[in-house]
file structure.pdb (PDB, C-alpha atoms)
ATOM      1  CA  MET A   1      78.483 180.971  84.931
ATOM      2  CA  SER A   2      78.805 178.056  87.326
ATOM      3  CA  THR A   3      79.696 178.335  91.017
ATOM      4  CA  ARG A   4      83.062 176.752  90.257
ATOM      5  CA  GLU A   5      83.814 179.369  87.607
ATOM      6  CA  LEU A   6      82.816 182.167  89.972
ATOM      7  CA  ALA A   7      85.142 180.761  92.602
ATOM      8  CA  MET A   8      87.965 180.659  90.090
ATOM      9  CA  ALA A   9      87.450 184.151  88.623
ATOM     10  CA  VAL A  10      86.727 186.939  91.123
ATOM     11  CA  GLY A  11      86.838 190.602  90.138
ATOM     12  CA  PHE A  12      85.017 193.581  88.713
ATOM     13  CA  GLY A  13      85.659 195.800  85.724
ATOM     14  CA  SER A  14      89.368 195.772  84.920
ATOM     15  CA  PHE A  15      90.162 194.374  88.373
ATOM     16  CA  GLU A  16      90.728 190.621  88.671
ATOM     17  CA  PHE A  17      91.783 188.871  91.857
ATOM     18  CA  SER A  18      91.711 185.177  91.029
ATOM     19  CA  GLY A  19      91.445 182.714  88.186
ATOM     20  CA  GLY A  20      94.195 181.323  85.983
ATOM     21  CA  GLY A  21      96.947 181.838  88.558
ATOM     22  CA  THR A  22      96.030 185.495  89.078
ATOM     23  CA  PHE A  23      95.873 185.200  92.869
ATOM     24  CA  ILE A  24      99.431 183.844  93.173
ATOM     25  CA  ASN A  25     100.645 186.520  90.751
ATOM     26  CA  LEU A  26      99.029 189.244  92.856
ATOM     27  CA  VAL A  27     100.503 187.854  96.064
ATOM     28  CA  ALA A  28     103.969 187.821  94.482
ATOM     29  CA  ALA A  29     103.598 191.301  92.965
ATOM     30  CA  THR A  30     102.264 192.889  96.153
ATOM     31  CA  THR A  31     104.961 191.434  98.410
ATOM     32  CA  ASN A  32     107.654 192.350  95.886
ATOM     33  CA  ALA A  33     106.282 195.905  95.765
ATOM     34  CA  LEU A  34     106.483 196.132  99.549
ATOM     35  CA  ASN A  35     110.012 194.828  99.292
ATOM     36  CA  GLY A  36     110.830 197.384  96.576
ATOM     37  CA  ALA A  37     109.685 200.291  98.733
ATOM     38  CA  LEU A  38     111.656 198.981 101.702
ATOM     39  CA  LEU A  39     114.722 198.486  99.519
ATOM     40  CA  ALA A  40     114.528 202.033  98.151
ATOM     41  CA  ARG A  41     114.510 203.288 101.747
ATOM     42  CA  ARG A  42     117.426 201.074 102.775
ATOM     43  CA  PRO A  43     120.513 203.179 103.622
ATOM     44  CA  ASP A  44     122.703 201.525 100.969
ATOM     45  CA  HIS A  45     120.103 202.193  98.239
ATOM     46  CA  TYR A  46     118.492 205.491  99.231
ATOM     47  CA  LYS A  47     119.526 208.405  96.996
ATOM     48  CA  ASN A  48     117.323 211.289  98.174
ATOM     49  CA  PHE A  49     114.254 209.775  96.535
ATOM     50  CA  THR A  50     110.945 211.607  96.628
ATOM     51  CA  VAL A  51     107.781 209.882  97.810
ATOM     52  CA  VAL A  52     106.830 209.459  94.156
ATOM     53  CA  GLY A  53     110.245 207.903  93.573
ATOM     54  CA  ILE A  54     109.650 205.393  96.383
ATOM     55  CA  LEU A  55     106.299 204.439  94.839
ATOM     56  CA  LEU A  56     107.917 204.019  91.431
ATOM     57  CA  MET A  57     110.500 201.728  93.032
ATOM     58  CA  ALA A  58     107.636 199.737  94.517
ATOM     59  CA  LEU A  59     106.146 199.380  91.033
ATOM     60  CA  LEU A  60     109.498 198.303  89.612
ATOM     61  CA  GLY A  61     109.830 195.680  92.304
ATOM     62  CA  GLY A  62     106.223 194.560  92.099
ATOM     63  CA  ILE A  63     105.620 194.247  88.373
ATOM     64  CA  GLY A  64     109.126 194.400  86.887
ATOM     65  CA  GLY A  65     109.638 190.659  87.071
ATOM     66  CA  GLY A  66     106.162 189.794  85.820
ATOM     67  CA  VAL A  67     106.375 192.212  82.894
ATOM     68  CA  SER A  68     109.798 190.841  81.912
ATOM     69  CA  ARG A  69     108.467 187.277  82.104
ATOM     70  CA  ASP A  70     105.363 188.007  80.040
ATOM     71  CA  VAL A  71     107.287 189.900  77.364
ATOM     72  CA  LEU A  72     109.721 186.994  77.007
ATOM     73  CA  VAL A  73     106.859 184.628  76.138
ATOM     74  CA  GLY A  74     105.119 187.124  73.844
ATOM     75  CA  HIS A  75     102.196 188.001  76.139
ATOM     76  CA  VAL A  76     100.744 191.396  76.942
ATOM     77  CA  PRO A  77     101.887 191.917  80.567
ATOM     78  CA  ALA A  78      99.100 191.062  83.001
ATOM     79  CA  ALA A  79      99.998 194.179  85.006
ATOM     80  CA  LEU A  80      98.724 196.302  82.102
ATOM     81  CA  THR A  81      95.448 194.455  81.584
ATOM     82  CA  ASN A  82      94.559 193.847  85.230
ATOM     83  CA  SER A  83      94.368 197.071  87.261
ATOM     84  CA  SER A  84      94.711 195.120  90.510
ATOM     85  CA  TYR A  85      98.473 194.879  90.042
ATOM     86  CA  ILE A  86      99.208 198.593  89.925
ATOM     87  CA  VAL A  87      96.743 199.500  92.680
ATOM     88  CA  LEU A  88      97.963 196.799  95.084
ATOM     89  CA  CYS A  89     101.599 197.623  94.336
ATOM     90  CA  LEU A  90     101.032 201.311  95.080
ATOM     91  CA  ILE A  91      99.276 200.449  98.346
ATOM     92  CA  ALA A  92     102.180 198.172  99.278
ATOM     93  CA  GLY A  93     104.594 200.953  98.355
ATOM     94  CA  ILE A  94     102.858 203.388 100.713
ATOM     95  CA  ILE A  95     102.958 200.820 103.504
ATOM     96  CA  GLY A  96     106.631 200.069 102.849
ATOM     97  CA  HIS A  97     107.491 203.767 102.866
ATOM     98  CA  HIS A  98     106.038 204.147 106.349
ATOM     99  CA  LEU A  99     107.323 200.820 107.724
ATOM    100  CA  ALA A 100     110.940 201.150 106.595
ATOM    101  CA  TYR A 101     112.263 202.533 109.873
ATOM    102  CA  GLY A 102     111.608 201.877 113.521
ATOM    103  CA  ARG A 103     112.642 203.775 116.611
ATOM    104  CA  GLY A 104     115.962 205.524 116.413
ATOM    105  CA  GLN A 105     115.769 205.476 112.598
ATOM    106  CA  LEU A 106     116.889 201.852 112.504
ATOM    107  CA  PHE A 107     116.100 200.200 109.179
ATOM    108  CA  ARG A 108     113.827 197.174 109.559
ATOM    109  CA  GLU A 109     116.211 194.667 108.005
ATOM    110  CA  GLY A 110     114.361 191.696 109.458
ATOM    111  CA  LEU A 111     111.078 192.751 107.854
ATOM    112  CA  PHE A 112     112.836 193.416 104.552
ATOM    113  CA  GLN A 113     114.450 189.972 104.482
ATOM    114  CA  LEU A 114     111.188 188.264 105.474
ATOM    115  CA  VAL A 115     109.269 189.976 102.658
ATOM    116  CA  THR A 116     112.023 189.070 100.188
ATOM    117  CA  SER A 117     111.951 185.453 101.321
ATOM    118  CA  PHE A 118     108.164 185.317 100.985
ATOM    119  CA  ALA A 119     107.937 186.897  97.520
ATOM    120  CA  LEU A 120     110.858 185.096  95.912
ATOM    121  CA  PRO A 121     109.406 181.564  95.718
ATOM    122  CA  TRP A 122     105.935 182.727  94.637
ATOM    123  CA  TYR A 123     107.275 184.581  91.615
ATOM    124  CA  ALA A 124     109.537 181.628  90.807
ATOM    125  CA  ILE A 125     106.510 179.314  90.806
ATOM    126  CA  VAL A 126     104.536 181.633  88.533
ATOM    127  CA  GLY A 127     107.488 181.855  86.154
ATOM    128  CA  ALA A 128     107.770 178.065  85.973
ATOM    129  CA  GLN A 129     104.013 177.733  85.448
ATOM    130  CA  THR A 130     104.127 180.262  82.600
ATOM    131  CA  GLY A 131     106.923 178.357  80.907
ATOM    132  CA  VAL A 132     105.033 175.058  81.118
ATOM    133  CA  GLU A 133     101.789 176.630  79.878
ATOM    134  CA  VAL A 134     103.403 178.066  76.745
ATOM    135  CA  GLY A 135     105.197 174.802  76.005
ATOM    136  CA  LEU A 136     108.775 175.729  76.909
ATOM    137  CA  PRO A 137     111.255 172.944  77.718
ATOM    138  CA  VAL A 138     112.387 172.454  81.296
ATOM    139  CA  LEU A 139     115.421 174.750  81.007
ATOM    140  CA  GLY A 140     113.317 177.495  79.444
ATOM    141  CA  SER A 141     110.777 177.206  82.248
ATOM    142  CA  LEU A 142     113.582 177.338  84.821
ATOM    143  CA  ALA A 143     114.898 180.501  83.166
ATOM    144  CA  LEU A 144     111.487 182.140  83.591
ATOM    145  CA  ALA A 145     111.427 180.930  87.205
ATOM    146  CA  VAL A 146     114.625 182.941  87.744
ATOM    147  CA  VAL A 147     113.654 186.016  85.687
ATOM    148  CA  GLY A 148     110.293 186.498  87.414
ATOM    149  CA  PRO A 149     111.523 186.985  90.989
ATOM    150  CA  THR A 150     114.852 188.682  90.182
ATOM    151  CA  ALA A 151     114.220 191.144  87.322
ATOM    152  CA  GLY A 152     112.453 193.648  89.587
ATOM    153  CA  ARG A 153     115.364 193.641  92.039
ATOM    154  CA  PHE A 154     117.763 194.125  89.122
ATOM    155  CA  LEU A 155     115.862 197.220  87.965
ATOM    156  CA  ILE A 156     115.813 198.699  91.467
ATOM    157  CA  ASP A 157     119.514 198.074  92.083
ATOM    158  CA  VAL A 158     120.486 199.627  88.745
ATOM    159  CA  SER A 159     118.208 202.619  89.409
ATOM    160  CA  CYS A 160     119.848 203.071  92.818
ATOM    161  CA  GLY A 161     123.346 202.828  91.378
ATOM    162  CA  VAL A 162     124.403 199.705  93.282
ATOM    163  CA  PRO A 163     125.651 196.344  91.911
ATOM    164  CA  PRO A 164     122.642 194.108  91.125
ATOM    165  CA  LYS A 165     122.092 191.475  93.777
ATOM    166  CA  GLN A 166     122.229 188.697  91.166
ATOM    167  CA  PHE A 167     125.954 189.315  90.628
ATOM    168  CA  VAL A 168     127.301 189.859  94.135
ATOM    169  CA  ARG A 169     127.647 187.618  97.144
ATOM    170  CA  GLY A 170     124.449 187.076  99.083
ATOM    171  CA  GLU A 171     122.200 184.538 100.714
ATOM    172  CA  TRP A 172     121.393 182.252  97.743
ATOM    173  CA  PHE A 173     119.110 184.521  95.744
ATOM    174  CA  VAL A 174     119.201 183.217  92.162
ATOM    175  CA  ALA A 175     119.803 179.618  93.265
ATOM    176  CA  ILE A 176     116.689 179.565  95.452
ATOM    177  CA  ALA A 177     114.550 180.895  92.593
ATOM    178  CA  ALA A 178     115.872 178.102  90.367
ATOM    179  CA  LEU A 179     115.383 175.508  93.113
ATOM    180  CA  THR A 180     111.783 176.557  93.713
ATOM    181  CA  GLY A 181     111.007 176.455  89.993
ATOM    182  CA  ALA A 182     112.637 173.037  89.661
ATOM    183  CA  VAL A 183     110.611 171.624  92.552
ATOM    184  CA  TRP A 184     107.353 172.916  91.075
ATOM    185  CA  ILE A 185     108.179 171.543  87.618
ATOM    186  CA  ALA A 186     109.040 168.128  89.095
ATOM    187  CA  LEU A 187     105.799 167.998  91.084
ATOM    188  CA  ASP A 188     103.794 169.121  88.061
ATOM    189  CA  GLN A 189     105.320 166.435  85.860
ATOM    190  CA  LEU A 190     104.471 163.860  88.519
ATOM    191  CA  GLY A 191     100.831 164.849  88.042
ATOM    192  CA  LEU A 192     100.304 166.618  91.365
ATOM    193  CA  PRO A 193      97.436 169.152  91.264
ATOM    194  CA  ARG A 194      98.611 172.752  91.164
ATOM    195  CA  ALA A 195      96.660 173.501  94.312
ATOM    196  CA  ALA A 196      99.152 171.214  96.050
ATOM    197  CA  SER A 197     102.312 171.630  93.955
ATOM    198  CA  ALA A 198     102.468 175.424  94.364
ATOM    199  CA  PRO A 199     102.304 175.435  98.206
ATOM    200  CA  LEU A 200     104.805 172.585  98.432
ATOM    201  CA  ALA A 201     107.278 174.309  96.109
ATOM    202  CA  PHE A 202     106.786 177.541  98.069
ATOM    203  CA  LEU A 203     107.549 175.808 101.367
ATOM    204  CA  VAL A 204     110.773 174.416  99.932
ATOM    205  CA  GLY A 205     111.972 177.749  98.576
ATOM    206  CA  PHE A 206     110.823 179.749 101.604
ATOM    207  CA  GLY A 207     112.323 177.233 104.021
ATOM    208  CA  VAL A 208     115.701 177.121 102.285
ATOM    209  CA  ARG A 209     115.816 180.908 102.067
ATOM    210  CA  LEU A 210     115.074 181.395 105.773
ATOM    211  CA  THR A 211     117.570 178.689 106.683
ATOM    212  CA  ALA A 212     120.237 180.377 104.546
ATOM    213  CA  LEU A 213     119.565 183.678 106.305
ATOM    214  CA  TYR A 214     119.627 182.101 109.764
ATOM    215  CA  ARG A 215     122.723 179.987 109.136
ATOM    216  CA  GLY A 216     124.560 182.665 107.147
ATOM    217  CA  TRP A 217     124.845 180.555 103.982
ATOM    218  CA  GLU A 218     126.056 182.637 101.059
ATOM    219  CA  GLU A 219     126.803 182.006  97.416
ATOM    220  CA  PRO A 220     130.533 181.256  96.962
ATOM    221  CA  LEU A 221     132.781 183.990  95.666
ATOM    222  CA  ALA A 222     134.852 183.499  92.544
ATOM    223  CA  ALA A 223     138.602 183.289  93.095
ATOM    224  CA  GLU A 224     140.068 186.752  92.919
ATOM    225  CA  PRO A 225     143.651 187.976  92.509
ATOM    226  CA  ALA A 226     145.562 189.367  95.450
ATOM    227  CA  GLY A 227     146.015 192.725  93.743
ATOM    228  CA  VAL A 228     144.972 194.632  90.654
ATOM    229  CA  TYR A 229     145.911 193.770  87.083
ATOM    230  CA  ARG A 230     147.637 196.672  85.374
ATOM    231  CA  HIS A 231     148.678 197.149  81.741
ATOM    232  CA  ASP A 232     151.475 199.605  81.061
ATOM    233  CA  ASP A 233     149.900 201.087  77.923
ATOM    234  CA  GLY A 234     146.253 200.321  78.686
ATOM    235  CA  ARG A 235     145.997 197.455  76.168
ATOM    236  CA  PRO A 236     145.610 193.749  76.891
ATOM    237  CA  LEU A 237     148.620 192.973  74.669
ATOM    238  CA  LEU A 238     147.058 189.773  73.382
ATOM    239  CA  GLY A 239     149.250 187.465  71.327
ATOM    240  CA  ARG A 240     152.650 188.702  72.469
ATOM    241  CA  LYS A 241     155.155 186.027  73.287
ATOM    242  CA  ILE A 242     155.962 185.733  76.967
ATOM    243  CA  ALA A 243     158.821 183.265  76.751
ATOM    244  CA  GLY A 244     161.940 184.691  78.371
ATOM    245  CA  LYS A 245     160.175 187.712  79.833
ATOM    246  CA  SER A 246     161.375 188.990  83.172
ATOM    247  CA  THR A 247     159.078 189.373  86.160
ATOM    248  CA  ARG A 248     158.978 193.123  85.565
ATOM    249  CA  GLU A 249     158.010 192.621  81.908
ATOM    250  CA  LEU A 250     155.328 190.101  82.861
ATOM    251  CA  ARG A 251     154.000 192.584  85.381
ATOM    252  CA  LEU A 252     153.838 195.286  82.718
ATOM    253  CA  LEU A 253     151.985 192.871  80.439
ATOM    254  CA  GLY A 254     149.377 192.399  83.147
ATOM    255  CA  LEU A 255     150.203 188.721  83.574
ATOM    256  CA  THR A 256     151.211 188.964  87.200
ATOM    257  CA  VAL A 257     149.463 190.552  90.138
ATOM    258  CA  GLU A 258     150.552 193.621  92.016
ATOM    259  CA  PRO A 259     151.071 192.719  95.684
ATOM    260  CA  ASP A 260     148.672 194.105  98.246
ATOM    261  CA  ASP A 261     151.380 195.081 100.728
ATOM    262  CA  ASP A 262     152.953 198.427  99.896
ATOM    263  CA  PRO A 263     156.187 199.101 101.808
ATOM    264  CA  ALA A 264     155.478 202.819 101.668
ATOM    265  CA  ALA A 265     151.988 202.387 103.113
ATOM    266  CA  PRO A 266     151.474 203.307 106.784
ATOM    267  CA  PRO A 267     151.084 200.387 109.194
ATOM    268  CA  GLU A 268     147.634 198.895 109.635
ATOM    269  CA  GLY A 269     145.599 200.681 112.268
ATOM    270  CA  ALA A 270     147.398 203.991 111.836
ATOM    271  CA  ASP A 271     145.247 207.071 112.173
ATOM    272  CA  HIS A 272     144.768 208.646 108.733
ATOM    273  CA  SER A 273     142.316 211.349 109.791
ATOM    274  CA  PRO A 274     143.099 214.813 108.418
ATOM    275  CA  GLY A 275     144.411 217.436 110.753
ATOM    276  CA  ASP A 276     145.984 214.977 113.206
ATOM    277  CA  GLY A 277     149.438 216.537 112.803
ATOM    278  CA  HIS A 278     150.960 213.686 110.700
TER     279      HIS A 278
END
call {"tool": "encode", "arguments": {"input": "structure.pdb", "output": "structure tokens"}}
result
Amino acid sequence: MSTRELAMAVGFGSFEFSGGGTFINLVAATTNALNGALLARRPDHYKNFTVVGILLMALLGGIGGGVSRDVLVGHVPAALTNSSYIVLCLIAGIIGHHLAYGRGQLFREGLFQLVTSFALPWYAIVGAQTGVEVGLPVLGSLALAVVGPTAGRFLIDVSCGVPPKQFVRGEWFVAIAALTGAVWIALDQLGLPRAASAPLAFLVGFGVRLTALYRGWEEPLAAEPAGVYRHDDGRPLLGRKIAGKSTRELRLLGLTVEPDDDPAAPPEGADHSPGDGH
């Protein structure tokens, strides 16, 4: 084996640390595992998890995206053939478990967001690379660039019983994954060596993510009604004619919106605490 080959493939036994994009994959998996452990300890996600539960969350965050990506392209997940993934993810999970809180039991939100911002573009790059290597078109490669960095977070959110981050308002999560993948694909098609295209794409994704956090940029919300749609008999009543219907009938059909202001409701700011004598 030549010196160049040794430099590209470093490992022993079932442990591999470099060669064929392995190093970038391990960096992404390890940082995502740290992020998964921190997320499981976050107050809005924590559900009386055991230490083993925290480590399992770290594994979900670390290898969930990579396994989903590999399965989609018909590959045996690298996390199952290379023992480095599971070991590094468990180590990161232990570290995350102990780092989650500072003095006064204050959750380290800054550390959590930094780890998220660091892992997101790396996994997006690996997803785009995988798509190109298996011959997927640009849109297919972009889809893998989104699946890789977000599938693990989806699994953790669902396991914690909270709405997945992909579907709720936040600081440009899915869009940054797609942007990073698109930048890498463009640089790769221009013929730039991967040793240069990967760091450049990472800097773009990482920079935009940090800027979004600092500036408070968030994905736009969809327009929502002022109240709640209600159907009198629980059915959507599709196909019924609405011509000549009164406002009350339209409301019963669920075609108008119940107002937010309730005349019977107490004024805003009133004390509703039990036992206050009211």
call {"tool": "atom_distance", "arguments": {"input": "structure.pdb", "atom1": "atom CA of A:Val147", "atom2": "atom CA of A:Val51"}}
result
27.4 Å
call {"tool": "atom_distance", "arguments": {"input": "structure.pdb", "atom1": "atom CA of A:Trp122", "atom2": "atom CA of A:His98"}}
result
24.4 Å
call {"tool": "closest_atom_pairs", "arguments": {"input": "structure.pdb", "of": "stretch 144-216 of chain A", "to": "stretch 130-135 of chain A", "cutoff": "9 Å", "atoms": "all atoms listed in the file", "output": "CSV"}}
result
residue,atom,partner,partner_atom,distance
A:Leu144,CA,A:Gly131,CA,6.5
A:Ala145,CA,A:Gly131,CA,8.2
A:Ile185,CA,A:Val132,CA,8.0
call {"tool": "residues_around", "arguments": {"input": "structure.pdb", "residues": "A:Arg69", "least_positions_apart": "4", "cutoff": "12 Å", "atoms": "only C-alpha atoms", "output": "mmCIF file with C-alpha atoms, in the coordinates of the input"}}
result
data_model
loop_
_atom_site.group_PDB
_atom_site.id
_atom_site.type_symbol
_atom_site.label_atom_id
_atom_site.label_comp_id
_atom_site.auth_asym_id
_atom_site.auth_seq_id
_atom_site.Cartn_x
_atom_site.Cartn_y
_atom_site.Cartn_z
ATOM 1 C CA ASN A 25 100.645 186.520 90.751
ATOM 2 C CA ILE A 63 105.620 194.247 88.373
ATOM 3 C CA GLY A 64 109.126 194.400 86.887
ATOM 4 C CA GLY A 65 109.638 190.659 87.071
ATOM 5 C CA VAL A 73 106.859 184.628 76.138
ATOM 6 C CA GLY A 74 105.119 187.124 73.844
ATOM 7 C CA HIS A 75 102.196 188.001 76.139
ATOM 8 C CA VAL A 76 100.744 191.396 76.942
ATOM 9 C CA PRO A 77 101.887 191.917 80.567
ATOM 10 C CA ALA A 78 99.100 191.062 83.001
ATOM 11 C CA ALA A 79 99.998 194.179 85.006
ATOM 12 C CA TYR A 123 107.275 184.581 91.615
ATOM 13 C CA ALA A 124 109.537 181.628 90.807
ATOM 14 C CA ILE A 125 106.510 179.314 90.806
ATOM 15 C CA VAL A 126 104.536 181.633 88.533
ATOM 16 C CA GLY A 127 107.488 181.855 86.154
ATOM 17 C CA ALA A 128 107.770 178.065 85.973
ATOM 18 C CA GLN A 129 104.013 177.733 85.448
ATOM 19 C CA THR A 130 104.127 180.262 82.600
ATOM 20 C CA GLY A 131 106.923 178.357 80.907
ATOM 21 C CA VAL A 134 103.403 178.066 76.745
ATOM 22 C CA GLY A 140 113.317 177.495 79.444
ATOM 23 C CA SER A 141 110.777 177.206 82.248
ATOM 24 C CA LEU A 142 113.582 177.338 84.821
ATOM 25 C CA ALA A 143 114.898 180.501 83.166
ATOM 26 C CA LEU A 144 111.487 182.140 83.591
ATOM 27 C CA ALA A 145 111.427 180.930 87.205
ATOM 28 C CA VAL A 146 114.625 182.941 87.744
ATOM 29 C CA VAL A 147 113.654 186.016 85.687
ATOM 30 C CA GLY A 148 110.293 186.498 87.414
ATOM 31 C CA PRO A 149 111.523 186.985 90.989
ATOM 32 C CA THR A 150 114.852 188.682 90.182
ATOM 33 C CA ALA A 151 114.220 191.144 87.322
ATOM 34 C CA GLY A 152 112.453 193.648 89.587
#
call {"tool": "resolve_selection", "arguments": {"input": "structure.pdb", "expression": "the PyMOL selection byres ((chain A and resi 159) around 10)", "output": "PyMOL selection string"}}
result
chain A and resi 40+45+47+57+60+153-158+160-162+164
call {"tool": "atom_distance", "arguments": {"input": "structure.pdb", "atom1": "atom CA of A:Leu106", "atom2": "atom CA of A:Gly93"}}
result
18.8 Å
call {"tool": "closest_residue", "arguments": {"input": "structure.pdb", "among": "A:Arg248, A:Arg169, A:Arg209, A:Arg215", "to": "A:Thr116", "atoms": "all atoms listed in the file"}}
result
A:Arg209
call {"tool": "closest_residue", "arguments": {"input": "structure.pdb", "among": "A:Ala222, A:Val208, A:Ala29, A:Val87", "to": "A:Phe167", "atoms": "all atoms listed in the file"}}
result
A:Ala222
call {"tool": "residues_around", "arguments": {"input": "structure.pdb", "residues": "A:Pro43", "least_positions_apart": "6", "cutoff": "12 Å", "atoms": "only C-alpha atoms", "output": "NGL selection string"}}
result
:A and (49 or 100-101 or 105-109 or 160 or 162)
call {"tool": "write_last_selection", "arguments": {"input": "structure.pdb", "atoms": "C-alpha atoms", "output": "tab-separated table (two decimals), keeping the file's coordinate frame"}}
result
chain	number	residue	atom	x	y	z
A	49	PHE	CA	114.25	209.78	96.54
A	100	ALA	CA	110.94	201.15	106.60
A	101	TYR	CA	112.26	202.53	109.87
A	105	GLN	CA	115.77	205.48	112.60
A	106	LEU	CA	116.89	201.85	112.50
A	107	PHE	CA	116.10	200.20	109.18
A	108	ARG	CA	113.83	197.17	109.56
A	109	GLU	CA	116.21	194.67	108.00
A	160	CYS	CA	119.85	203.07	92.82
A	162	VAL	CA	124.40	199.70	93.28
